[in-house]
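Asks: Below are the structure tokens for one structure; questions will follow.
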Amino acid sequence: MSGADADTRLDPPLEFGMFGSAAHRDRLDFSAWPSSKFWEAEYSPEMARQYRAANRVRFPGPLALPGWVFCDLFVLPAAIGVVTGPADLLDDEMRGALQVTSPERAIMAAYYAAPTLTPGVFVGVSLISLLSGRGLGRVVKSMTLQTLGASVQRGVAQWSNWSLRSHAKIGPMRLVGRVPSGHALEHKSFVYEIDLRREQFHPEANLRVPVDDLEALGGLLDRGRAHGDVFIVSPGFDGHYVHLFVEK
Ligand SMILES: CC(C)(COP(=O)(O)OP(=O)(O)OC[C@H]1O[C@@H](n2cnc3c(N)ncnc32)[C@H](O)[C@@H]1OP(=O)(O)O)[C@@H](O)C(=O)NCCC(=O)NCCS
């Protein structure tokens with residue numbers, strides 16, 4: 001993997017680990033961070049409770065993660081990557097939401113990517129960070145994908161989501177096409193892929209499109225689907241424009 005391991009490290013007291021069914025422990029490659037922890041989902045009710053609370057903070061209301069999806073589709077088929085740290089790094093509101101007190105360790109960020117029918121291809125499902133301003137979203141995503149042995153990460157994103165900044169730092173996001181029907185944010189979302197085996201390239205954007213110009217962005221999505229030559233590149237999104245690289 002080239003894209004996901006670039007500039008990926010955690011300074012103590014932050015730690016990385018994975019949380020999933022005991023059956024997956026030996027499938028995970030922790031060699032790049034051997035002191036990482038593995039929590040067996042069957043015997044870690046506190047981690048499950050905290051993860052679900054953390055997920056609810058970042059995906060509230062109708063987006064809240066149902067318990068059966070967490071169990072059947074997250075931790076039974078695979079494992080969730082988590083960054084933990086002392087709870088007092090979080091603000092009062094976050095500590096309250098997680099129901100943790102200062103001396104405890106708490107989840108600071110987490111990423112779940114689901115395995116697919118194609119070996120090595122994972123679909124990014126849920127990226128959260130409770131400790132803003134440290135780029136932990138990118139770090140937990142990179143570490144998780146590397147530990148899973150992912151070669152390609154596919155995902156759905158919205159043109160105006162700040163998470164594009166985190167995704168695009170991992171690698172160029174090739175535009176794959178429109179999202180399958182039924183997605184709640186279908187009209188402003190797209191499917192992308194990051195090839196994690198690709199030699200790292202950081203091209204300068206050669207096209208910037210206003211984020212509210214959904215017609216132009218839709219046209220680029222169709223071009224990307226047909227030719228595979230349109231990428232979102234870092235910084236990805238700046239509040240006004242989506243930054244793209246179109247291969248000539
Ligand atoms: C996406 C997410 C995980 C990123 O968390 P993070 O790594 O802690 O993010 P940071 O606070 O370090 O911000 C990352 C970048 O976005 C920028 N950013 C984030 N929110 C911003 C805002 N409201 N205004 C301006 N810039 C913003 C930061 O300045 C930073 O920029 P940089 O690339 O120059 O460093 C987090 O915002 C989150 O939990 N979002 C809600 C869930 C979600 O939408 N997930 C993604 C889809 S699954």
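In the structure tokens, chains take the letters A, B, ... in the order shown, each chain's residues start at 1, and ligands count up from 1 in the order shown.
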Apply DSSP to the backbone of this structure and, from segment 42-210 of chain A, keep only the residues in strand (DSSP E or B); write these as a PyMOL selection string.
Replies: chain A and resi 79-86+105-115+121-129+152-158+173-177+189-195+207-210
Asks: Neighbours of ligand 1 within 6 Å, counting only C-alpha atoms and all ligand atoms, as a PyMOL selection string?
Replies: chain A and resi 58+125-129+131-138+162-163+165-166
Asks: Would you mind reading off the distance between atom CA of Arg225 of chain A and atom CA of Ile194 of chain A, one decimal, in Å?
Replies: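 If I compute the distance from atom CA of Arg225 of chain A to atom CA of Ile194 of chain A, I get 14.3 Å.
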Asks: Please determine, counting only C-alpha atoms, which residue among A:Asp11, A:Asp222, A:Thr147, A:Ser189 has the shortest atom-to-atom distance to Gly177 of chain A.
Replies: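 Among the listed residues, A:Asp222 lies closest to Gly177 of chain A.
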Asks: List as a PyMOL selection string the protein and nucleic acid residues near Ser234 of chain A, meaning an atom at most 10 Å away when only C-alpha atoms are counted, but skip any in the same chain fewer than 6 places from it.
Replies: chain A and resi 164-173+202-205+242-245
Asks: Under the rule that only C-alpha atoms are counted, which of A:Ala216, A:Ala113, A:Ala23, A:Ala184 is the nearest residue to Met143 of chain A?
Replies: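 Looking at the shortest contact to Met143 of chain A, the residue is A:Ala113.
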Asks: What's the separation between atom CA of Arg178 of chain A and atom CA of Pro77 of chain A, in Å to one decimal place?
Replies: 26.0 Å
Asks: Using DSSP on the backbone coordinates, identify all residues within segment 2-247 of chain A classified as alpha helix (DSSP H); present the result as an MDAnalysis selection string.
Replies: chainID A and resid 45:58 67:69 92:98 136:148 163:170 214:227
Asks: Counting only C-alpha atoms, which of A:Asp213, A:Glu46, A:Asp195, A:Glu186 gets nearest to Gly120 of chain A?
Replies: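 So, comparing all the options, the nearest one is A:Asp195.
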